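Next comes entry-v3.tsv, with TSV, C-alpha atoms and all ligand atoms.
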```
chain	number	residue	atom	x	y	z
A	1	PRO	CA	-11.62	-79.93	21.98
A	2	ALA	CA	-10.18	-80.31	18.50
A	3	ASP	CA	-12.34	-79.16	15.59
A	4	ARG	CA	-15.31	-78.18	17.68
A	5	THR	CA	-17.39	-75.22	16.60
A	6	VAL	CA	-19.52	-72.98	18.79
A	7	LEU	CA	-21.85	-70.19	17.70
A	8	ILE	CA	-21.70	-67.12	19.96
A	9	THR	CA	-24.81	-64.93	19.83
A	10	GLY	CA	-24.32	-61.36	21.03
A	11	ALA	CA	-20.69	-61.70	19.96
A	12	ALA	CA	-20.27	-57.94	19.38
A	13	GLY	CA	-21.00	-57.12	23.03
A	14	GLY	CA	-18.72	-56.75	26.02
A	15	VAL	CA	-18.57	-60.41	27.09
A	16	GLY	CA	-18.66	-61.60	23.48
A	17	THR	CA	-15.67	-59.46	22.55
A	18	LEU	CA	-13.68	-60.75	25.53
A	19	MET	CA	-14.62	-64.37	24.80
A	20	ARG	CA	-13.81	-64.12	21.09
A	21	GLU	CA	-10.23	-63.55	22.16
A	22	LEU	CA	-10.09	-66.26	24.85
A	23	LEU	CA	-12.17	-69.22	23.66
A	24	PRO	CA	-9.96	-70.14	20.69
A	25	ARG	CA	-7.21	-70.80	23.28
A	26	HIS	CA	-9.50	-73.54	24.69
A	27	GLY	CA	-9.62	-75.10	21.22
A	28	TRP	CA	-12.93	-73.70	19.98
A	29	THR	CA	-13.62	-72.58	16.43
A	30	LEU	CA	-16.05	-69.67	16.56
A	31	ARG	CA	-19.01	-68.54	14.53
A	32	LEU	CA	-20.30	-65.12	15.52
A	33	LEU	CA	-23.79	-63.64	15.42
A	34	ASP	CA	-25.05	-60.21	16.46
A	35	MET	CA	-27.56	-57.65	15.24
A	36	VAL	CA	-24.60	-55.26	15.01
A	37	PRO	CA	-22.14	-55.99	12.19
A	38	MET	CA	-18.63	-57.04	13.24
A	39	ASP	CA	-15.63	-56.28	11.09
A	40	ASP	CA	-12.87	-56.69	13.69
A	41	VAL	CA	-12.70	-60.46	13.32
A	42	PRO	CA	-9.92	-62.79	12.20
A	43	GLU	CA	-9.95	-63.59	8.50
A	44	GLY	CA	-12.10	-66.57	7.67
A	45	THR	CA	-14.41	-66.20	10.70
A	46	VAL	CA	-18.07	-66.78	9.85
A	47	THR	CA	-20.11	-63.78	11.03
A	48	VAL	CA	-23.86	-63.39	10.77
A	49	THR	CA	-25.78	-60.13	11.23
A	50	ALA	CA	-29.29	-60.96	12.43
A	51	ASP	CA	-31.86	-59.69	14.91
A	52	LEU	CA	-32.98	-62.68	17.00
A	53	ALA	CA	-36.23	-60.90	17.89
A	54	ASP	CA	-37.31	-60.77	14.25
A	55	PRO	CA	-38.95	-63.95	12.93
A	56	ALA	CA	-37.67	-62.97	9.46
A	57	SER	CA	-34.15	-63.76	10.74
A	58	GLY	CA	-35.12	-67.45	10.99
A	59	PRO	CA	-33.37	-68.68	7.84
A	60	ALA	CA	-30.13	-66.80	8.65
A	61	LEU	CA	-30.24	-68.09	12.22
A	62	ARG	CA	-30.76	-71.67	11.08
A	63	GLU	CA	-27.89	-71.41	8.66
A	64	ALA	CA	-25.67	-70.00	11.43
A	65	LEU	CA	-26.54	-73.00	13.63
A	66	ARG	CA	-26.13	-75.67	10.96
A	67	GLY	CA	-23.42	-78.11	11.97
A	68	VAL	CA	-22.27	-76.36	15.18
A	69	ASP	CA	-21.52	-78.44	18.27
A	70	ALA	CA	-23.00	-75.91	20.68
A	71	VAL	CA	-24.19	-72.34	21.21
A	72	ILE	CA	-23.20	-69.67	23.72
A	73	HIS	CA	-26.26	-67.43	23.91
A	74	LEU	CA	-25.22	-63.96	25.02
A	75	ALA	CA	-27.47	-61.86	22.77
A	76	GLY	CA	-30.01	-59.64	24.42
A	77	ILE	CA	-30.49	-56.44	26.33
A	78	SER	CA	-28.07	-56.66	29.24
A	79	LEU	CA	-29.56	-54.04	31.59
A	80	GLU	CA	-33.04	-52.93	32.62
A	81	SER	CA	-35.20	-51.54	29.84
A	82	THR	CA	-38.86	-51.25	28.95
A	83	PHE	CA	-40.94	-54.41	29.14
A	84	GLU	CA	-41.60	-54.25	25.39
A	85	LYS	CA	-37.91	-54.08	24.49
A	86	ILE	CA	-37.03	-56.88	26.91
A	87	LEU	CA	-39.93	-58.92	25.50
A	88	ASP	CA	-38.51	-58.65	21.98
A	89	ALA	CA	-34.77	-59.00	22.53
A	90	ASN	CA	-34.62	-61.39	25.49
A	91	ILE	CA	-37.86	-63.35	25.52
A	92	ARG	CA	-38.76	-63.64	21.83
A	93	GLY	CA	-35.07	-63.71	20.87
A	94	THR	CA	-34.25	-66.59	23.22
A	95	TYR	CA	-37.34	-68.49	22.08
A	96	HIS	CA	-36.34	-68.07	18.42
A	97	LEU	CA	-32.84	-69.32	19.22
A	98	TYR	CA	-34.10	-72.47	20.95
A	99	GLU	CA	-36.60	-73.20	18.17
A	100	ALA	CA	-33.91	-72.85	15.50
A	101	ALA	CA	-31.54	-75.00	17.57
A	102	ARG	CA	-34.22	-77.69	17.80
A	103	GLU	CA	-34.80	-77.55	14.06
A	104	GLU	CA	-31.07	-77.83	13.36
A	105	GLY	CA	-30.45	-80.62	15.88
A	106	VAL	CA	-28.11	-78.61	18.14
A	107	ARG	CA	-27.63	-80.54	21.39
A	108	ARG	CA	-26.04	-78.04	23.83
A	109	ILE	CA	-26.66	-74.38	24.69
A	110	VAL	CA	-24.93	-72.26	27.31
A	111	PHE	CA	-27.32	-69.51	28.33
A	112	ALA	CA	-26.08	-66.24	29.80
A	113	SER	CA	-28.51	-65.91	32.67
A	114	SER	CA	-27.82	-63.34	35.35
A	115	ASN	CA	-27.63	-62.81	39.09
A	116	HIS	CA	-30.61	-60.50	38.50
A	117	ALA	CA	-32.86	-63.60	38.11
A	118	VAL	CA	-32.42	-63.87	41.88
A	119	GLY	CA	-31.57	-60.23	42.50
A	120	PHE	CA	-34.01	-59.72	45.39
A	121	VAL	CA	-32.46	-62.52	47.43
A	122	PRO	CA	-30.98	-60.86	50.52
A	123	ARG	CA	-27.22	-60.52	50.42
A	124	PRO	CA	-25.60	-62.92	52.87
A	125	GLY	CA	-23.94	-61.37	55.89
A	126	ASP	CA	-20.20	-61.77	56.40
A	127	GLY	CA	-19.50	-65.45	56.91
A	128	GLY	CA	-23.19	-66.27	56.36
A	129	PRO	CA	-24.27	-69.28	54.33
A	130	LEU	CA	-23.73	-68.98	50.58
A	131	ILE	CA	-26.85	-68.58	48.41
A	132	PRO	CA	-27.73	-71.97	46.89
A	133	VAL	CA	-28.34	-72.38	43.20
A	134	ASP	CA	-31.86	-73.73	43.80
A	135	THR	CA	-33.06	-70.65	45.66
A	136	PRO	CA	-36.41	-69.60	44.12
A	137	HIS	CA	-36.37	-66.97	41.38
A	138	ARG	CA	-36.62	-63.42	42.74
A	139	PRO	CA	-36.08	-61.18	39.71
A	140	ASP	CA	-35.21	-57.56	40.46
A	141	THR	CA	-36.18	-56.05	37.07
A	142	PHE	CA	-37.97	-56.93	33.81
A	143	TYR	CA	-34.42	-57.76	32.70
A	144	GLY	CA	-34.02	-60.28	35.55
A	145	LEU	CA	-37.49	-61.64	34.79
A	146	SER	CA	-36.37	-62.37	31.21
A	147	LYS	CA	-33.48	-64.42	32.59
A	148	CYS	CA	-35.96	-66.42	34.74
A	149	PHE	CA	-37.88	-67.05	31.50
A	150	GLY	CA	-34.72	-68.15	29.72
A	151	GLU	CA	-33.88	-70.63	32.48
A	152	ASP	CA	-37.40	-72.09	32.33
A	153	LEU	CA	-37.32	-72.19	28.53
A	154	ALA	CA	-34.09	-74.18	28.81
A	155	ALA	CA	-35.79	-76.64	31.19
A	156	LEU	CA	-38.71	-77.03	28.76
A	157	TYR	CA	-36.48	-77.73	25.75
A	158	ARG	CA	-34.48	-80.21	27.78
A	159	ASP	CA	-37.57	-82.10	28.91
A	160	ARG	CA	-39.41	-81.95	25.57
A	161	HIS	CA	-36.57	-82.13	23.10
A	162	GLY	CA	-33.45	-83.29	24.93
A	163	ILE	CA	-31.51	-80.08	24.24
A	164	GLU	CA	-29.10	-79.63	27.15
A	165	THR	CA	-28.42	-76.20	28.68
A	166	VAL	CA	-26.12	-74.79	31.28
A	167	SER	CA	-27.66	-71.55	32.54
A	168	ILE	CA	-24.92	-69.37	34.00
A	169	ARG	CA	-26.13	-66.69	36.40
A	170	ILE	CA	-23.24	-64.39	35.64
A	171	GLY	CA	-22.21	-61.97	38.37
A	172	SER	CA	-20.17	-59.16	36.76
A	173	CYS	CA	-17.87	-60.11	33.89
A	174	PHE	CA	-15.59	-57.18	33.20
A	175	PRO	CA	-11.80	-56.90	32.96
A	176	GLU	CA	-11.60	-55.58	36.55
A	177	PRO	CA	-14.04	-55.11	39.44
A	178	THR	CA	-15.07	-51.47	39.71
A	179	SER	CA	-17.26	-51.46	42.83
A	180	VAL	CA	-17.27	-52.98	46.29
A	181	ARG	CA	-20.29	-55.10	45.31
A	182	MET	CA	-18.31	-56.47	42.37
A	183	LEU	CA	-15.69	-57.80	44.78
A	184	SER	CA	-18.31	-60.44	45.64
A	185	VAL	CA	-19.75	-61.12	42.18
A	186	TRP	CA	-16.80	-60.57	39.80
A	187	LEU	CA	-16.15	-63.12	37.06
A	188	SER	CA	-12.75	-62.47	35.54
A	189	PRO	CA	-12.69	-62.89	31.75
A	190	PRO	CA	-10.22	-65.82	31.91
A	191	ASP	CA	-12.46	-67.55	34.48
A	192	CYS	CA	-15.46	-66.82	32.25
A	193	ALA	CA	-13.73	-68.63	29.39
A	194	ARG	CA	-12.92	-71.54	31.73
A	195	LEU	CA	-16.53	-71.73	32.88
A	196	LEU	CA	-17.89	-71.57	29.33
A	197	ASP	CA	-15.49	-74.30	28.23
A	198	ALA	CA	-16.59	-76.50	31.15
A	199	ALA	CA	-20.27	-75.81	30.41
A	200	LEU	CA	-19.76	-76.69	26.73
A	201	THR	CA	-17.92	-79.95	27.38
A	202	ALA	CA	-19.22	-81.51	30.65
A	203	PRO	CA	-21.22	-84.68	29.94
A	204	ASP	CA	-24.92	-85.09	30.70
A	205	VAL	CA	-25.71	-81.63	32.06
A	206	GLY	CA	-29.47	-81.86	31.43
A	207	HIS	CA	-30.44	-78.37	32.54
A	208	THR	CA	-27.86	-77.23	35.07
A	209	VAL	CA	-27.97	-73.81	36.73
A	210	VAL	CA	-24.71	-72.37	38.01
A	211	TYR	CA	-23.49	-69.07	39.37
A	212	GLY	CA	-20.75	-67.47	37.33
A	213	SER	CA	-18.02	-65.83	39.32
A	214	SER	CA	-14.38	-66.17	40.20
A	215	ALA	CA	-13.18	-67.71	43.48
A	216	ASN	CA	-13.72	-64.41	45.26
A	217	THR	CA	-12.85	-64.12	48.96
A	218	ARG	CA	-16.12	-62.16	49.41
A	219	LEU	CA	-18.25	-64.62	47.39
A	220	TRP	CA	-22.02	-64.55	48.05
A	221	TRP	CA	-23.14	-67.74	46.30
A	222	ASP	CA	-22.39	-71.41	46.02
A	223	LEU	CA	-20.12	-72.34	43.11
A	224	SER	CA	-20.41	-76.10	43.67
A	225	SER	CA	-22.70	-76.77	40.68
A	226	ALA	CA	-20.21	-74.88	38.48
A	227	ARG	CA	-17.29	-76.82	39.93
A	228	ALA	CA	-19.19	-80.07	39.31
A	229	LEU	CA	-18.97	-79.26	35.58
A	230	GLY	CA	-15.18	-79.18	35.88
A	231	TYR	CA	-14.87	-75.41	36.36
A	232	GLU	CA	-11.81	-74.47	38.37
A	233	PRO	CA	-11.70	-70.70	38.91
A	234	ARG	CA	-8.23	-69.25	39.28
A	235	ASP	CA	-8.97	-65.61	40.04
A	236	ASP	CA	-10.07	-63.72	43.15
A	237	SER	CA	-11.11	-60.05	43.28
A	238	GLU	CA	-9.49	-59.49	46.68
A	239	PRO	CA	-6.34	-57.77	45.35
A	240	TYR	CA	-8.65	-54.95	44.17
A	241	ALA	CA	-10.39	-54.65	47.56
A	242	ALA	CA	-8.18	-52.17	49.42
A	243	LYS	CA	-8.43	-49.51	46.69
A	244	LEU	CA	-12.18	-49.93	46.09
A	245	VAL	CA	-13.05	-49.96	49.80
A	246	ALA	CA	-10.90	-46.88	50.39
A	247	GLU	CA	-12.76	-45.07	47.60
A	248	GLN	CA	-16.31	-46.31	48.24
A	249	GLY	CA	-16.45	-47.72	51.78
A	250	GLU	CA	-17.73	-51.15	52.77
A	251	LEU	CA	-21.31	-52.18	51.92
A	252	GLU	CA	-23.76	-50.91	54.56
A	253	PRO	CA	-26.45	-53.15	56.08
A	254	GLY	CA	-29.02	-50.31	56.17
A	255	ASN	CA	-28.47	-49.13	52.60
A	256	PRO	CA	-31.21	-50.47	50.25
A	257	ASP	CA	-28.75	-50.43	47.33
A	258	HIS	CA	-26.59	-52.89	49.27
A	259	ALA	CA	-29.28	-55.15	50.76
A	260	HIS	CA	-29.74	-57.70	47.96
A	261	LEU	CA	-27.71	-59.73	45.49
A	262	GLY	CA	-28.88	-57.47	42.65
A	263	GLY	CA	-27.51	-54.35	44.33
A	264	HIS	CA	-28.79	-51.13	42.80
A	265	PHE	CA	-30.84	-53.04	40.19
A	266	CYS	CA	-33.34	-53.53	43.06
A	267	THR	CA	-33.77	-49.80	43.53
A	268	HIS	CA	-32.65	-48.02	40.33
A	269	PRO	CA	-33.79	-47.22	37.81
A	270	PRO	CA	-37.47	-47.24	38.61
A	271	MET	CA	-39.41	-48.57	35.62
A	272	TRP	CA	-38.22	-46.86	32.47
A	273	PRO	CA	-40.70	-44.55	30.70
A	274	HIS	CA	-42.88	-46.45	28.23
A	301	LIG	P1	-23.78	-56.30	25.88
A	301	LIG	O1	-24.98	-55.45	25.97
A	301	LIG	O2	-22.42	-55.69	25.83
A	301	LIG	O3	-23.89	-57.27	24.60
A	301	LIG	C1	-25.11	-57.84	24.19
A	301	LIG	C2	-25.03	-58.04	22.68
A	301	LIG	O4	-26.26	-58.63	22.25
A	301	LIG	C3	-24.86	-56.73	21.91
A	301	LIG	O5	-23.75	-56.81	21.02
A	301	LIG	C4	-26.16	-56.57	21.15
A	301	LIG	O6	-26.02	-55.98	19.86
A	301	LIG	C5	-26.62	-58.02	21.03
A	301	LIG	N1	-28.07	-58.11	20.87
A	301	LIG	C6	-29.03	-57.48	21.61
A	301	LIG	N2	-30.24	-57.78	21.14
A	301	LIG	C7	-30.06	-58.61	20.08
A	301	LIG	C8	-30.93	-59.23	19.16
A	301	LIG	N3	-32.26	-59.04	19.26
A	301	LIG	N4	-30.42	-60.00	18.18
A	301	LIG	C9	-29.08	-60.16	18.08
A	301	LIG	N5	-28.18	-59.60	18.92
A	301	LIG	C10	-28.68	-58.83	19.90
A	301	LIG	O7	-23.86	-57.34	27.10
A	301	LIG	P2	-22.70	-58.18	27.79
A	301	LIG	O8	-22.26	-57.47	28.99
A	301	LIG	O9	-21.73	-58.61	26.77
A	301	LIG	O10	-23.55	-59.45	28.28
A	301	LIG	C11	-23.73	-60.59	27.43
A	301	LIG	C12	-24.85	-61.43	28.01
A	301	LIG	O11	-24.52	-61.86	29.31
A	301	LIG	C13	-26.19	-60.71	28.10
A	301	LIG	O12	-27.23	-61.64	27.82
A	301	LIG	C14	-26.25	-60.29	29.56
A	301	LIG	O13	-27.58	-60.18	30.00
A	301	LIG	C15	-25.52	-61.44	30.22
A	301	LIG	N6	-24.89	-61.03	31.48
A	301	LIG	C16	-23.79	-60.22	31.45
A	301	LIG	C17	-23.19	-59.85	32.63
A	301	LIG	C18	-21.92	-59.06	32.65
A	301	LIG	O14	-21.35	-58.93	33.70
A	301	LIG	N7	-21.44	-58.53	31.55
A	301	LIG	C19	-23.76	-60.25	33.93
A	301	LIG	C20	-24.92	-61.10	33.84
A	301	LIG	C21	-25.44	-61.48	32.65
A	302	LIG	C1	-25.85	-57.95	34.61
A	302	LIG	O1	-26.72	-58.80	34.41
A	302	LIG	C2	-25.48	-56.96	33.57
A	302	LIG	O2	-25.62	-57.50	32.26
A	302	LIG	C3	-24.08	-56.41	33.76
A	302	LIG	O3	-23.92	-55.28	32.92
A	302	LIG	C4	-23.80	-56.05	35.21
A	302	LIG	O4	-24.64	-54.98	35.58
A	302	LIG	C5	-24.08	-57.24	36.10
A	302	LIG	O5	-25.35	-57.83	35.85
A	302	LIG	C6	-23.99	-56.94	37.59
A	302	LIG	O6	-24.86	-57.38	38.34
A	302	LIG	O7	-23.03	-56.29	37.99
```
Kindly transcribe the structure held in the file into structure tokens.
Ligand code: NAI
Ligand code: 15L
Amino acid sequence: PADRTVLITGAAGGVGTLMRELLPRHGWTLRLLDMVPMDDVPEGTVTVTADLADPASGPALREALRGVDAVIHLAGISLESTFEKILDANIRGTYHLYEAAREEGVRRIVFASSNHAVGFVPRPGDGGPLIPVDTPHRPDTFYGLSKCFGEDLAALYRDRHGIETVSIRIGSCFPEPTSVRMLSVWLSPPDCARLLDAALTAPDVGHTVVYGSSANTRLWWDLSSARALGYEPRDDSEPYAAKLVAEQGELEPGNPDHAHLGGHFCTHPPMWPH
């Protein structure tokens, strides 16, 4: 898309750093926001340092959103933490983003949800049916619960205010899969950029929930709602399988860490100290 601008929140993080490199190749001009300052950016890039959890960031957030075509909302705590920290970063932060987007007339948000919104769904057996995208929420952590909230917030802002969202339940977006579980849930960075581009540009998405992974041989969930946006994954984790299985063994049916989509998030850590 020529001359289209997207604001990435959480742009200093792992996924944000990977996408900053890849999204311009899909024609996007980037604005970047994080609570952590970023200095490793191309000259001329607009960067904003703001804490989304803090209402005092409102004016800076609104200015960052002014005139953008869309937002990729990655900012937040990306692992389990205390309820209070998740409440601030993920729940209040996502609410503040949607309110500012409404005030600035932004029409499209891509929300980085997570497989941990449905983490307690039992892992399908080999060759078993893929997990559908409309399976009820089964969060495995306060973190996963905040992603359930984000998906419902997106539905509310769509119904009340017409702001469209694609909520992507990302599996594991890292340069390479590093565990046997990740062979099923891996989203290669180039496929992540393809999926984000599709989610930003598909017409009339309303609130669409998709799983975010590559076309993995060992896939656990149904990618059809992602493909319906125009996403065509090109990667598959299987070339990494022999080495990872040799090191770690196959997933075991009786092992509680392997029983659910969320893997060890369902069992570790227990609730963090408050
Ligand atoms: P990360 O932890 O590397 O990056 C998150 C970024 O958000 C950090 O740069 C952090 O400074 C920023 N941030 C946190 N709280 C903030 C606040 N209150 N205001 C402004 N910025 C804030 O996480 P990663 O791996 O890059 O993930 C990005 C998003 O995608 C997260 O929302 C995560 O939950 C989600 N996700 C990531 C997956 C993955 O495989 N990497 C899997 C599923 C979901
Ligand atoms: C997530 O939601 C996390 O943000 C990421 O760091 C990984 O742990 C990923 O899920 C996963 O399930 O592997």
_So that I can check the surroundings of Leu7 of chain A, please list as a PyMOL selection string every protein, DNA and RNA residue that reaches within 12 Å of it, counting all atoms listed in the file and ignoring chain neighbours fewer than 5 positions away._
chain A and resi 16+19-20+23+28-34+45-48+61-75+97+101+106+108-111+200
*Please provide the set of residues having any atom within 10 Å of Val118 of chain A, restricted to all atoms listed in the file, with same-chain residues fewer than 2 positions apart removed, written as a VMD selection string.*
chain A and resid 114 to 116 120 to 122 131 133 135 to 141 144 to 145 147 to 148 169 260 to 262
Which centre and which edge lengths, in Å to one decimal, describe the axis-aligned box that holds all listed atoms of ligand LIG 302 (chain A) after 8 Å is added on each side, as lines of an AutoDock Vina configuration file?
```
center_x = -24.9
center_y = -56.9
center_z = 35.3
size_x = 19.7
size_y = 19.8
size_z = 22.1
```
*Protein, DNA and RNA residues within 9 Å of (-16.7, -57.0, 27.3), all atoms listed in the file, as a list in words*: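 Those residues lying close to the given coordinates are Ala12, Gly13, Gly14, Val15, Gly16, Thr17, Leu18, Met19, Cys173, Phe174, Pro175 and Pro189 of chain A.
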_Shell around segment 254-258 of chain A at 9 Å using all atoms listed in the file, local window under 6 positions removed, as a list in words_ =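 Skipping anything fewer than 6 positions along the chain leaves Arg123, Arg181, His264, Phe265, Cys266, Thr267 and His268 of chain A.
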_My list of candidates is A:Pro239, A:Pro55, A:Gly249, A:Pro124. Which is closest to Arg92 of chain A when distances are computed with all atoms listed in the file?_
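Of A:Pro239, A:Pro55, A:Gly249, A:Pro124, the one nearest Arg92 of chain A, counting all atoms listed in the file, is A:Pro55.
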*Enter the distance from atom CA of Thr49 of chain A to atom N1 of ligand LIG 301 (chain A), in Å, rounded to one decimal.*
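The value is 10.1 Å.
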Find the nearest atom pair between each residue of segment 130-200 of chain A and segment 205-214 of chain A for residues within 6 Å, count all atoms listed in the file, give distances in Å to one decimal, sort rows by chain and ascending number, and present the table as CSV.
```
residue,atom,partner,partner_atom,distance
A:Ala155,CA,A:His207,CA,5.8
A:Glu164,CA,A:Gly206,CA,4.8
A:Thr165,CA,A:His207,CA,4.9
A:Val166,CA,A:Thr208,CA,4.8
A:Ser167,CA,A:Val209,CA,4.8
A:Ile168,CA,A:Val210,CA,5.0
A:Arg169,CA,A:Tyr211,CA,4.6
A:Ile170,CA,A:Gly212,CA,4.3
A:Gly171,CA,A:Ser213,CA,5.8
A:Val185,CA,A:Ser213,CA,5.8
A:Trp186,CA,A:Ser213,CA,5.4
A:Leu187,CA,A:Ser213,CA,4.0
```
*Just how far from atom CA of Ser172 of chain A is atom C4 of ligand LIG 302 (chain A), in Å to one decimal?*
5.0 Å
With a distance cut-off of 7 Å and all atoms listed in the file, select the neighbouring residues of segment 222-238 of chain A, excluding the residue or stretch itself and same-chain residues fewer than 3 positions from it, and output the selection as an mmCIF file with C-alpha atoms, in the coordinates of the input.
```cif
data_model
loop_
_atom_site.group_PDB
_atom_site.id
_atom_site.type_symbol
_atom_site.label_atom_id
_atom_site.label_comp_id
_atom_site.auth_asym_id
_atom_site.auth_seq_id
_atom_site.Cartn_x
_atom_site.Cartn_y
_atom_site.Cartn_z
ATOM 1 C CA LEU A 130 -23.730 -68.980 50.580
ATOM 2 C CA ILE A 131 -26.850 -68.580 48.410
ATOM 3 C CA PRO A 132 -27.730 -71.970 46.890
ATOM 4 C CA VAL A 133 -28.340 -72.380 43.200
ATOM 5 C CA PRO A 177 -14.040 -55.110 39.440
ATOM 6 C CA LEU A 183 -15.690 -57.800 44.780
ATOM 7 C CA TRP A 186 -16.800 -60.570 39.800
ATOM 8 C CA SER A 188 -12.750 -62.470 35.540
ATOM 9 C CA ASP A 191 -12.460 -67.550 34.480
ATOM 10 C CA ARG A 194 -12.920 -71.540 31.730
ATOM 11 C CA LEU A 195 -16.530 -71.730 32.880
ATOM 12 C CA ALA A 198 -16.590 -76.500 31.150
ATOM 13 C CA ALA A 199 -20.270 -75.810 30.410
ATOM 14 C CA ALA A 202 -19.220 -81.510 30.650
ATOM 15 C CA VAL A 210 -24.710 -72.370 38.010
ATOM 16 C CA TYR A 211 -23.490 -69.070 39.370
ATOM 17 C CA SER A 214 -14.380 -66.170 40.200
ATOM 18 C CA ALA A 215 -13.180 -67.710 43.480
ATOM 19 C CA ASN A 216 -13.720 -64.410 45.260
ATOM 20 C CA THR A 217 -12.850 -64.120 48.960
ATOM 21 C CA ALA A 241 -10.390 -54.650 47.560
#
```
*What is the distance between atom CA of Met35 of chain A and atom O7 of ligand LIG 302 (chain A), in Å to one decimal?*
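If I compute the distance from atom CA of Met35 of chain A to atom O7 of ligand LIG 302 (chain A), I get 23.2 Å.
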*Smallest atom-to-atom distance to ligand LIG 302 (chain A): which of A:Phe149, A:Tyr143, A:Trp221, A:Tyr240, using all atoms listed in the file?*
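Closest to ligand LIG 302 (chain A), using all atoms listed in the file: A:Tyr143.
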